file input.tsv (TSV, C-alpha atoms)
chain	number	residue	atom	x	y	z
A	1	MET	CA	56.13	-36.77	-10.51
A	2	ALA	CA	54.87	-39.95	-8.94
A	3	GLY	CA	54.08	-39.88	-5.23
A	4	PRO	CA	55.75	-42.08	-2.64
A	5	ALA	CA	54.97	-45.76	-2.80
A	6	ARG	CA	52.35	-46.94	-0.33
A	7	SER	CA	53.69	-49.20	2.41
A	8	ARG	CA	52.48	-52.79	2.30
A	9	THR	CA	54.91	-54.36	4.72
A	10	CYS	CA	53.16	-53.99	8.09
A	11	ILE	CA	50.13	-56.15	7.25
A	12	SER	CA	51.31	-59.17	5.39
A	13	PRO	CA	49.24	-61.03	2.79
A	14	GLY	CA	49.24	-63.95	5.22
A	15	ILE	CA	47.07	-62.00	7.63
A	16	ALA	CA	44.86	-60.78	4.84
A	17	ALA	CA	44.36	-64.30	3.54
A	18	GLY	CA	43.24	-65.41	7.00
A	19	CYS	CA	40.37	-62.93	6.86
A	20	GLY	CA	38.71	-64.32	3.75
A	21	ALA	CA	36.94	-61.68	1.67
A	22	GLY	CA	38.85	-58.87	3.34
A	23	ALA	CA	42.20	-59.89	1.87
A	24	GLU	CA	42.71	-56.88	-0.38
A	25	ALA	CA	41.47	-54.39	2.20
A	26	LEU	CA	43.85	-55.72	4.84
A	27	ALA	CA	46.82	-56.01	2.50
A	28	PHE	CA	46.72	-52.26	1.90
A	29	ALA	CA	45.96	-51.26	5.51
A	30	LEU	CA	47.99	-48.43	6.97
A	31	PRO	CA	50.56	-49.61	9.50
A	32	GLY	CA	48.97	-50.45	12.82
A	33	HIS	CA	45.49	-49.17	11.94
A	34	PHE	CA	42.39	-51.18	11.02
A	35	THR	CA	39.20	-49.71	9.62
A	36	VAL	CA	35.78	-50.64	10.98
A	37	LEU	CA	35.22	-52.91	7.97
A	38	GLN	CA	38.50	-54.74	8.61
A	39	GLN	CA	37.69	-55.09	12.32
A	40	ASN	CA	34.38	-56.69	11.37
A	41	PHE	CA	36.24	-59.33	9.35
A	42	LEU	CA	38.42	-60.10	12.35
A	43	LEU	CA	35.49	-60.22	14.77
A	44	MET	CA	34.05	-63.04	12.68
A	45	LYS	CA	36.71	-65.19	14.37
A	46	LEU	CA	35.42	-64.41	17.86
A	47	VAL	CA	32.06	-62.74	18.26
A	48	ASP	CA	32.24	-61.26	21.74
A	49	GLU	CA	29.50	-58.61	21.65
A	50	ALA	CA	25.86	-58.73	20.59
A	51	GLU	CA	22.64	-56.79	21.07
A	52	ILE	CA	19.30	-58.56	21.43
A	53	THR	CA	15.70	-57.68	22.28
A	54	VAL	CA	13.80	-59.84	24.75
A	55	SER	CA	10.04	-59.71	25.26
A	56	ALA	CA	8.27	-61.54	28.06
A	57	GLY	CA	4.76	-62.88	27.49
A	58	ASN	CA	1.70	-60.84	28.39
A	59	GLY	CA	-0.62	-62.12	31.06
A	60	GLY	CA	-3.90	-63.67	29.97
A	61	ASN	CA	-7.15	-61.75	30.44
A	62	GLY	CA	-9.58	-62.54	33.22
A	63	CYS	CA	-12.93	-64.06	32.24
A	64	VAL	CA	-16.45	-62.73	32.79
A	65	GLY	CA	-18.53	-65.87	33.28
A	66	PHE	CA	-21.53	-67.10	35.25
A	67	ARG	CA	-22.46	-70.52	36.52
A	68	ARG	CA	-25.20	-72.03	34.38
A	69	GLU	CA	-26.51	-75.37	35.57
A	70	LYS	CA	-29.87	-77.07	35.65
A	71	TYR	CA	-31.93	-76.19	38.70
A	72	ILE	CA	-29.44	-73.44	39.66
A	73	PRO	CA	-30.87	-70.31	38.06
A	74	LEU	CA	-28.63	-67.88	39.93
A	75	GLY	CA	-25.27	-69.64	39.95
A	76	GLY	CA	-23.21	-66.50	40.38
A	77	PRO	CA	-19.95	-65.39	38.79
A	78	ASP	CA	-17.35	-68.06	38.03
A	79	GLY	CA	-14.94	-66.41	35.59
A	80	GLY	CA	-11.37	-67.60	36.13
A	81	ASP	CA	-8.09	-65.70	36.10
A	82	GLY	CA	-5.78	-65.41	33.13
A	83	GLY	CA	-2.47	-67.26	33.18
A	84	ASP	CA	0.83	-65.49	33.82
A	85	GLY	CA	3.01	-64.71	30.81
A	86	GLY	CA	6.25	-66.59	30.29
A	87	SER	CA	9.54	-64.99	31.32
A	88	VAL	CA	12.86	-64.77	29.46
A	89	TRP	CA	15.97	-66.23	31.11
A	90	LEU	CA	19.63	-66.32	30.20
A	91	GLN	CA	21.59	-69.46	31.10
A	92	ALA	CA	25.36	-69.85	30.97
A	93	SER	CA	26.81	-72.91	29.26
A	94	ALA	CA	30.41	-74.07	29.13
A	95	ASN	CA	29.69	-75.64	25.73
A	96	LEU	CA	29.63	-72.24	23.99
A	97	ASN	CA	32.57	-69.90	23.54
A	98	THR	CA	31.23	-67.11	21.30
A	99	LEU	CA	28.08	-65.05	20.79
A	100	VAL	CA	27.94	-65.89	17.08
A	101	ASP	CA	24.40	-67.31	17.40
A	102	PHE	CA	23.12	-63.77	18.04
A	103	ARG	CA	24.45	-62.28	14.82
A	104	HIS	CA	21.27	-63.30	13.02
A	105	GLN	CA	18.64	-64.04	15.68
A	106	LYS	CA	18.15	-60.90	17.74
A	107	GLN	CA	14.51	-61.17	18.84
A	108	PHE	CA	13.43	-63.51	21.64
A	109	ARG	CA	9.86	-63.74	22.90
A	110	ALA	CA	8.23	-65.81	25.64
A	111	GLN	CA	4.75	-67.30	25.36
A	112	ARG	CA	1.64	-65.35	26.32
A	113	GLY	CA	-0.57	-66.58	29.17
A	114	GLU	CA	-3.94	-68.06	28.22
A	115	ASN	CA	-7.17	-66.27	29.05
A	116	GLY	CA	-9.29	-67.38	31.99
A	117	MET	CA	-12.42	-69.47	31.38
A	118	GLY	CA	-15.75	-70.15	32.99
A	119	GLN	CA	-16.32	-72.66	35.77
A	120	GLN	CA	-13.50	-70.93	37.67
A	121	LYS	CA	-10.89	-72.30	35.27
A	122	TYR	CA	-7.57	-70.49	35.29
A	123	GLY	CA	-5.69	-69.87	32.06
A	124	LYS	CA	-2.50	-71.81	31.46
A	125	GLY	CA	0.73	-69.92	32.17
A	126	GLY	CA	3.03	-69.10	29.27
A	127	VAL	CA	6.16	-71.17	28.71
A	128	ASP	CA	9.43	-69.47	29.66
A	129	THR	CA	12.11	-68.87	27.02
A	130	THR	CA	15.70	-69.75	27.96
A	131	ILE	CA	18.56	-68.25	25.96
A	132	VAL	CA	21.87	-70.09	26.25
A	133	VAL	CA	25.00	-67.91	26.36
A	134	PRO	CA	28.70	-68.63	27.00
A	135	VAL	CA	30.12	-68.58	30.50
A	136	GLY	CA	31.58	-65.13	31.15
A	137	THR	CA	28.76	-63.12	29.54
A	138	VAL	CA	28.00	-59.70	31.02
A	139	VAL	CA	24.42	-58.49	30.46
A	140	THR	CA	23.68	-54.75	30.24
A	141	ASN	CA	20.38	-52.91	29.80
A	142	VAL	CA	20.96	-50.69	26.75
A	143	GLU	CA	18.40	-48.06	27.76
A	144	THR	CA	19.76	-47.46	31.27
A	145	ASP	CA	23.34	-48.69	30.72
A	146	GLU	CA	22.89	-50.73	33.91
A	147	VAL	CA	24.67	-54.07	34.29
A	148	ILE	CA	21.89	-56.57	35.02
A	149	GLY	CA	24.07	-59.57	35.71
A	150	ASP	CA	27.30	-61.45	35.11
A	151	LEU	CA	27.12	-65.17	34.29
A	152	VAL	CA	30.45	-66.57	35.49
A	153	ARG	CA	29.63	-70.23	36.24
A	154	ASP	CA	28.26	-73.03	34.12
A	155	GLY	CA	24.51	-73.29	34.73
A	156	ASP	CA	24.05	-69.75	36.10
A	157	ARG	CA	20.60	-68.36	35.28
A	158	LEU	CA	19.50	-64.74	35.04
A	159	LEU	CA	15.96	-63.38	34.70
A	160	VAL	CA	16.07	-60.61	32.08
A	161	ALA	CA	12.36	-60.09	31.31
A	162	LYS	CA	9.54	-61.04	33.69
A	163	GLY	CA	6.22	-62.21	32.32
A	164	GLY	CA	3.05	-60.19	32.88
A	165	LYS	CA	0.60	-61.10	35.63
A	166	GLY	CA	-2.67	-62.69	34.55
A	167	GLY	CA	-5.83	-60.64	34.93
A	168	LEU	CA	-8.49	-61.40	37.55
A	169	GLY	CA	-11.79	-63.03	36.58
A	170	ASN	CA	-15.12	-61.65	37.68
A	171	MET	CA	-15.46	-64.19	40.52
A	172	HIS	CA	-13.12	-61.94	42.51
A	173	PHE	CA	-15.45	-58.96	42.32
A	174	LYS	CA	-18.65	-60.41	43.78
A	175	SER	CA	-19.94	-58.78	46.93
A	176	SER	CA	-23.13	-58.41	48.94
A	177	VAL	CA	-24.13	-55.42	46.85
A	178	ASN	CA	-22.88	-56.70	43.48
A	179	ARG	CA	-23.77	-60.34	43.13
A	180	ALA	CA	-23.39	-60.47	39.35
A	181	PRO	CA	-20.26	-58.44	38.51
A	182	ARG	CA	-19.47	-58.04	34.86
A	183	LYS	CA	-15.98	-56.84	35.53
A	184	ALA	CA	-12.69	-58.62	34.81
A	185	LEU	CA	-9.16	-57.33	34.53
A	186	PRO	CA	-6.91	-57.65	31.48
A	187	GLY	CA	-3.51	-59.28	31.83
A	188	LEU	CA	-0.51	-57.07	32.45
A	189	PRO	CA	2.07	-56.68	29.67
A	190	GLY	CA	5.37	-58.53	29.98
A	191	GLU	CA	8.66	-56.69	30.25
A	192	GLN	CA	10.58	-55.82	27.10
A	193	ARG	CA	14.25	-54.91	27.09
A	194	THR	CA	17.10	-54.36	24.70
A	195	LEU	CA	20.19	-56.06	26.07
A	196	ARG	CA	23.85	-55.81	25.25
A	197	LEU	CA	25.76	-59.05	25.73
A	198	GLU	CA	29.52	-58.86	26.22
A	199	LEU	CA	31.67	-61.95	26.46
A	200	LYS	CA	34.66	-61.63	28.75
A	201	LEU	CA	36.81	-64.72	28.70
A	202	LEU	CA	37.50	-66.24	32.10
A	203	ALA	CA	41.26	-66.42	32.55
A	204	ASP	CA	43.61	-66.15	35.50
A	205	ILE	CA	46.47	-64.52	33.59
A	206	GLY	CA	46.32	-62.01	30.75
A	207	LEU	CA	49.23	-61.34	28.39
A	208	LEU	CA	49.88	-57.74	27.37
A	209	GLY	CA	52.41	-56.40	24.93
A	210	PHE	CA	53.12	-54.81	21.59
A	211	PRO	CA	52.78	-56.81	18.37
A	212	ASN	CA	55.72	-59.19	17.93
A	213	ALA	CA	56.58	-59.10	21.63
A	214	GLY	CA	56.33	-62.91	21.68
A	215	LYS	CA	52.99	-63.37	23.47
A	216	SER	CA	51.80	-66.22	21.24
A	217	THR	CA	55.21	-67.90	21.46
A	218	PHE	CA	55.07	-67.58	25.25
A	219	ILE	CA	51.64	-69.20	25.54
A	220	ARG	CA	52.83	-72.00	23.24
A	221	ALA	CA	55.81	-72.57	25.52
A	222	VAL	CA	53.82	-72.92	28.74
A	223	SER	CA	50.57	-74.57	27.57
A	224	ALA	CA	49.13	-76.80	24.88
A	225	ALA	CA	47.62	-73.83	23.02
A	226	THR	CA	48.79	-73.43	19.42
A	227	PRO	CA	48.17	-69.82	18.32
A	228	LYS	CA	49.60	-68.66	15.01
A	229	VAL	CA	53.21	-67.47	15.19
A	230	ALA	CA	54.93	-65.54	12.38
A	231	ASP	CA	57.59	-62.88	11.78
A	232	TYR	CA	55.21	-59.99	11.11
A	233	PRO	CA	53.08	-57.79	13.42
A	234	PHE	CA	49.42	-58.48	14.24
A	235	THR	CA	49.77	-62.24	13.82
A	236	THR	CA	47.23	-62.79	16.60
A	237	LEU	CA	43.82	-61.66	15.35
A	238	TYR	CA	41.64	-62.92	18.20
A	239	PRO	CA	42.22	-64.09	21.79
A	240	ASN	CA	43.66	-67.51	22.56
A	241	LEU	CA	43.30	-69.42	25.81
A	242	GLY	CA	45.75	-71.96	27.20
A	243	VAL	CA	45.64	-74.12	30.33
A	244	VAL	CA	48.87	-74.28	32.33
A	245	SER	CA	48.99	-77.46	34.42
A	246	VAL	CA	51.72	-77.28	37.05
A	247	GLU	CA	50.75	-80.64	38.51
A	248	PRO	CA	47.54	-82.69	38.85
A	249	GLY	CA	44.94	-80.55	40.58
A	250	ARG	CA	46.94	-77.33	40.24
A	251	SER	CA	46.37	-75.39	37.03
A	252	PHE	CA	45.25	-72.01	35.71
A	253	VAL	CA	44.15	-70.38	32.47
A	254	ILE	CA	46.23	-67.88	30.51
A	255	ALA	CA	44.84	-65.57	27.80
A	256	ASP	CA	46.72	-64.11	24.83
A	257	ILE	CA	45.10	-61.07	23.20
A	258	PRO	CA	46.16	-59.20	20.03
A	259	GLY	CA	49.04	-56.75	20.46
A	260	LEU	CA	48.41	-53.22	21.63
A	261	ILE	CA	49.84	-50.06	20.12
A	262	GLU	CA	49.63	-46.40	21.03
A	263	GLY	CA	46.14	-45.10	20.37
A	264	ALA	CA	44.51	-48.50	20.96
A	265	ALA	CA	41.91	-46.95	23.26
A	266	ASP	CA	40.92	-44.66	20.36
A	267	GLY	CA	40.58	-47.52	17.87
A	268	ALA	CA	44.11	-48.05	16.52
A	269	GLY	CA	45.21	-51.64	16.01
A	270	LEU	CA	43.26	-54.62	17.31
A	271	GLY	CA	44.01	-54.95	21.01
A	272	SER	CA	41.33	-52.49	22.16
A	273	LEU	CA	38.67	-54.78	20.65
A	274	PHE	CA	39.64	-57.54	23.05
A	275	LEU	CA	40.91	-55.75	26.16
A	276	ARG	CA	37.71	-56.71	27.94
A	277	HIS	CA	38.97	-60.28	27.99
A	278	VAL	CA	41.76	-59.44	30.44
A	279	GLN	CA	39.58	-57.33	32.74
A	280	ARG	CA	38.65	-60.40	34.78
A	281	THR	CA	42.20	-61.69	35.15
A	282	ARG	CA	43.89	-61.72	38.53
A	283	LEU	CA	47.41	-61.27	37.15
A	284	LEU	CA	48.81	-59.48	34.09
A	285	LEU	CA	52.06	-60.47	32.39
A	286	HIS	CA	53.50	-57.55	30.44
A	287	LEU	CA	55.77	-58.95	27.70
A	288	VAL	CA	58.46	-56.68	26.30
A	289	ASP	CA	60.73	-57.39	23.33
A	290	MET	CA	64.29	-57.00	24.63
A	291	ALA	CA	65.85	-57.10	21.17
A	292	PRO	CA	63.34	-55.58	18.73
A	293	MET	CA	64.15	-56.00	15.07
A	294	VAL	CA	64.53	-53.15	12.61
A	295	ASP	CA	61.11	-52.26	11.15
A	296	ALA	CA	59.35	-53.65	14.22
A	297	VAL	CA	56.15	-51.99	15.32
A	298	ASP	CA	56.82	-48.95	17.46
A	299	ALA	CA	54.48	-47.13	19.85
A	300	ALA	CA	52.69	-45.39	16.98
A	301	GLY	CA	52.18	-48.61	15.01
A	302	ALA	CA	54.74	-47.75	12.33
A	303	GLY	CA	58.16	-49.15	11.43
A	304	SER	CA	61.20	-47.73	13.16
A	305	ALA	CA	64.88	-48.57	13.37
A	306	GLU	CA	65.15	-47.78	17.08
A	307	ILE	CA	62.58	-49.16	19.50
A	308	ASP	CA	62.62	-48.17	23.16
A	309	PRO	CA	61.27	-50.97	25.44
A	310	VAL	CA	60.66	-48.40	28.18
A	311	GLY	CA	58.58	-46.28	25.79
A	312	GLN	CA	56.55	-49.34	24.81
A	313	VAL	CA	55.75	-50.14	28.44
A	314	ARG	CA	54.72	-46.54	29.12
A	315	ALA	CA	52.56	-46.47	25.97
A	316	ILE	CA	50.64	-49.59	26.99
A	317	GLU	CA	50.19	-48.28	30.53
A	318	GLN	CA	48.66	-45.15	29.03
A	319	GLU	CA	46.25	-47.20	26.91
A	320	LEU	CA	45.20	-49.26	29.93
A	321	ARG	CA	44.60	-46.05	31.85
A	322	LYS	CA	42.34	-44.77	29.07
A	323	TYR	CA	40.42	-48.03	28.73
A	324	ASP	CA	39.98	-48.94	32.41
A	325	PRO	CA	42.15	-47.35	35.12
A	326	ALA	CA	41.38	-50.28	37.45
A	327	MET	CA	43.51	-52.54	35.23
A	328	LEU	CA	46.63	-50.68	36.37
A	329	ASP	CA	45.81	-51.67	39.95
A	330	LYS	CA	46.03	-55.37	39.11
A	331	PRO	CA	49.27	-57.24	39.89
A	332	ARG	CA	51.41	-56.87	36.77
A	333	TRP	CA	54.71	-58.65	36.22
A	334	LEU	CA	57.26	-57.56	33.65
A	335	VAL	CA	58.48	-60.34	31.34
A	336	LEU	CA	61.50	-59.32	29.25
A	337	ASN	CA	61.48	-61.65	26.26
A	338	LYS	CA	63.89	-62.68	23.46
A	339	ALA	CA	66.95	-62.92	25.69
A	340	ASP	CA	68.27	-65.57	23.28
A	341	LEU	CA	69.08	-62.83	20.73
A	342	MET	CA	71.80	-61.42	22.99
A	343	LEU	CA	74.68	-62.73	25.01
A	344	GLU	CA	73.72	-63.72	28.55
A	345	ASP	CA	75.60	-60.88	30.27
A	346	GLU	CA	74.37	-58.36	27.72
A	347	ALA	CA	70.77	-59.52	28.15
A	348	ARG	CA	70.91	-59.21	31.93
A	349	GLU	CA	72.53	-55.80	31.74
A	350	ARG	CA	69.93	-54.54	29.27
A	351	ALA	CA	67.11	-56.01	31.38
A	352	GLN	CA	68.40	-54.25	34.47
A	353	GLN	CA	68.60	-50.97	32.55
A	354	VAL	CA	64.96	-51.29	31.49
A	355	VAL	CA	63.82	-52.15	35.02
A	356	ASP	CA	65.76	-49.24	36.50
A	357	ALA	CA	64.47	-46.80	33.88
A	358	LEU	CA	60.89	-47.84	34.62
A	359	GLY	CA	61.35	-47.74	38.36
A	360	TRP	CA	59.72	-51.17	38.37
A	361	THR	CA	58.82	-52.46	41.84
A	362	GLN	CA	56.81	-55.58	40.99
A	363	PRO	CA	58.34	-58.94	40.00
A	364	TRP	CA	60.15	-59.14	36.66
A	365	HIS	CA	61.62	-62.02	34.66
A	366	LEU	CA	64.09	-62.44	31.81
A	367	VAL	CA	63.02	-65.22	29.42
A	368	SER	CA	63.37	-66.66	25.95
A	369	ALA	CA	59.92	-67.85	24.94
A	370	ILE	CA	61.06	-69.50	21.71
A	371	GLY	CA	63.79	-71.40	23.57
A	372	ARG	CA	61.51	-72.02	26.58
A	373	GLU	CA	64.21	-70.64	28.84
A	374	GLY	CA	62.89	-69.07	32.04
A	375	THR	CA	59.23	-69.49	31.08
A	376	TRP	CA	58.40	-72.35	33.42
A	377	PRO	CA	59.75	-70.61	36.56
A	378	VAL	CA	57.37	-67.75	35.74
A	379	MET	CA	54.46	-70.21	35.70
A	380	LEU	CA	55.56	-71.81	38.98
A	381	GLU	CA	55.70	-68.41	40.62
A	382	ALA	CA	52.29	-67.56	39.18
A	383	GLN	CA	50.83	-70.78	40.61
A	384	ALA	CA	52.29	-69.93	44.02
A	385	PHE	CA	50.74	-66.46	43.69
A	386	PHE	CA	47.29	-67.96	43.04
A	387	ASP	CA	47.73	-70.42	45.93
A	388	ARG	CA	48.40	-67.48	48.24
A	389	LEU	CA	45.32	-65.67	46.95
A	390	ARG	CA	43.12	-68.72	47.59
A	391	GLU	CA	44.57	-69.14	51.08
A	392	ASP	CA	43.86	-65.48	51.85
A	393	GLU	CA	40.30	-65.89	50.59
A	394	ARG	CA	39.75	-68.95	52.79
A	395	GLU	CA	41.09	-67.13	55.83
A	396	ALA	CA	38.86	-64.13	55.10
A	397	ASP	CA	35.82	-66.40	54.74
A	398	ALA	CA	36.66	-68.20	58.00
A	399	ALA	CA	37.07	-64.87	59.81
A	400	GLY	CA	33.75	-63.64	58.46
A	401	THR	CA	31.98	-66.84	59.55
A	402	ALA	CA	33.49	-66.59	63.05
A	403	THR	CA	32.38	-62.97	63.34
A	404	ALA	CA	28.83	-63.85	62.28
A	405	ASP	CA	28.67	-66.77	64.77
A	406	GLY	CA	29.91	-64.49	67.57
A	407	ALA	CA	27.25	-61.89	66.75
A	408	ASP	CA	24.52	-64.56	66.79
A	409	ALA	CA	25.73	-65.90	70.14
A	410	GLY	CA	25.73	-62.38	71.64

call {"tool": "encode", "arguments": {"input": "input.tsv", "output": "structure tokens"}}
result
Amino acid sequence: MAGPARSRTCISPGIAAGCGAGAEALAFALPGHFTVLQQNFLLMKLVDEAEITVSAGNGGNGCVGFRREKYIPLGGPDGGDGGDGGSVWLQASANLNTLVDFRHQKQFRAQRGENGMGQQKYGKGGVDTTIVVPVGTVVTNVETDEVIGDLVRDGDRLLVAKGGKGGLGNMHFKSSVNRAPRKALPGLPGEQRTLRLELKLLADIGLLGFPNAGKSTFIRAVSAATPKVADYPFTTLYPNLGVVSVEPGRSFVIADIPGLIEGAADGAGLGSLFLRHVQRTRLLLHLVDMAPMVDAVDAAGAGSAEIDPVGQVRAIEQELRKYDPAMLDKPRWLVLNKADLMLEDEARERAQQVVDALGWTQPWHLVSAIGREGTWPVMLEAQAFFDRLREDEREADAAGTATADGADAG
């Protein structure tokens, strides 16, 4: 007796085709779950993690030399010092948006310092090596798991491997009892480190939600971004950024990441691969499908005829808690989407039921992203929220400056 037919409805051929050589593997993927091989295909779209080895240059050796000139038989020591080795720097650039350049080149080395020479000539210092990375790159020492730096502005520079000091020549070791020293010091070795680079996109707002909650449609409605929109789950395979311009001089960035499902923190689905991109955000918008279709993606990533919006919210909260508990402390607004699929009174009643069941105390909004109904007021309120944050920061800075001036005067 033949076994049950294998489901092929959750991951459509359209998604598989978008991943090139992984089409067949993705077409037969189990609902809501992606293997490591399939995740690698998707990460080709946005390379946001890399591991490199950086080696600073060694210092040049000191020289053992003596002055030899006509009519000066005892010229004395004149060996010069070795040059310092070059250092390795990371520099942030707004012209890059992925770490794809580090998929193939993983070794970076600075120049060695030249050796010292006679006639008290110092060796030339090694040339520094500068590695250009995207803005938003976090640098971690793999051996100690210590975060070395965070490059958040265009032009930021970070020293990741310091060059070795050049050795001393023998002219430094002459004394009244040792007038012809034959001693010189070798150059010190440069630092060598293995670094993990993680790209965290810089956005003000991050969109959270299950697959097919309407996140890509929402970002299309409020910005000029054009992410792929379709009627199957996991349409978004990598993060999308959009700029929301309320008026000239007042704008912010919104990030759409792939949908989350239950078990995302343990590797299910795609969202866990990109959750780091909403760690920097100052505000989270949690989109919930108010009228989920039959065979939509439920909390376990499988098809179901009855989807509970409250259960979806709780499931994502649990995944955020597993990934980074601090994300639950961020301001998070509930956005109840797809109100256009119900009558107005029915939509408001259902929205109120969800809010009451959750015990939601933060702001919430009822919208229709595809009809662009209620989306712009959310953006206006978000802009006002950021304006208040900036005003609070200015007041805090002014208070700190006044306190410092008072302490100096006292």

call {"tool": "closest_residue", "arguments": {"input": "input.tsv", "among": "A:Ile316, A:Val310, A:Leu287, A:Val138", "to": "Lys338 (chain A)", "atoms": "only C-alpha atoms"}}
result
A:Leu287

call {"tool": "closest_residue", "arguments": {"input": "input.tsv", "among": "A:Val127, A:Met290, A:Val142, A:Ala161", "to": "Val54 (chain A)", "atoms": "all atoms listed in the file"}}
result
A:Ala161

call {"tool": "atom_distance", "arguments": {"input": "input.tsv", "atom1": "CA of Leu197 (chain A)", "atom2": "CA of Trp89 (chain A)"}}
result
13.3 Å

call {"tool": "residues_near_point", "arguments": {"input": "input.tsv", "point": "(32.4, -57.5, 21.7)", "cutoff": "6 Å", "atoms": "all atoms listed in the file", "output": "ChimeraX atom specification"}}
result
/A:48-49,198

call {"tool": "residues_around", "arguments": {"input": "input.tsv", "residues": "region 388-392 of chain A", "least_positions_apart": "6", "cutoff": "12 Å", "atoms": "only C-alpha atoms", "output": "ChimeraX atom specification"}}
result
/A:204,250,282-283,331,381-382,398-399

call {"tool": "closest_residue", "arguments": {"input": "input.tsv", "among": "A:Ala180, A:Lys165, A:Phe252, A:Val139", "to": "Val152 (chain A)", "atoms": "all atoms listed in the file"}}
result
A:Val139

call {"tool": "atom_distance", "arguments": {"input": "input.tsv", "atom1": "CA of Leu328 (chain A)", "atom2": "CA of Leu366 (chain A)"}}
result
21.5 Å

call {"tool": "residues_around", "arguments": {"input": "input.tsv", "residues": "Gly86 (chain A)", "least_positions_apart": "4", "cutoff": "9 Å", "atoms": "all atoms listed in the file", "output": "PyMOL selection string"}}
result
chain A and resi 56-59+109-113+125-129+161-164+190
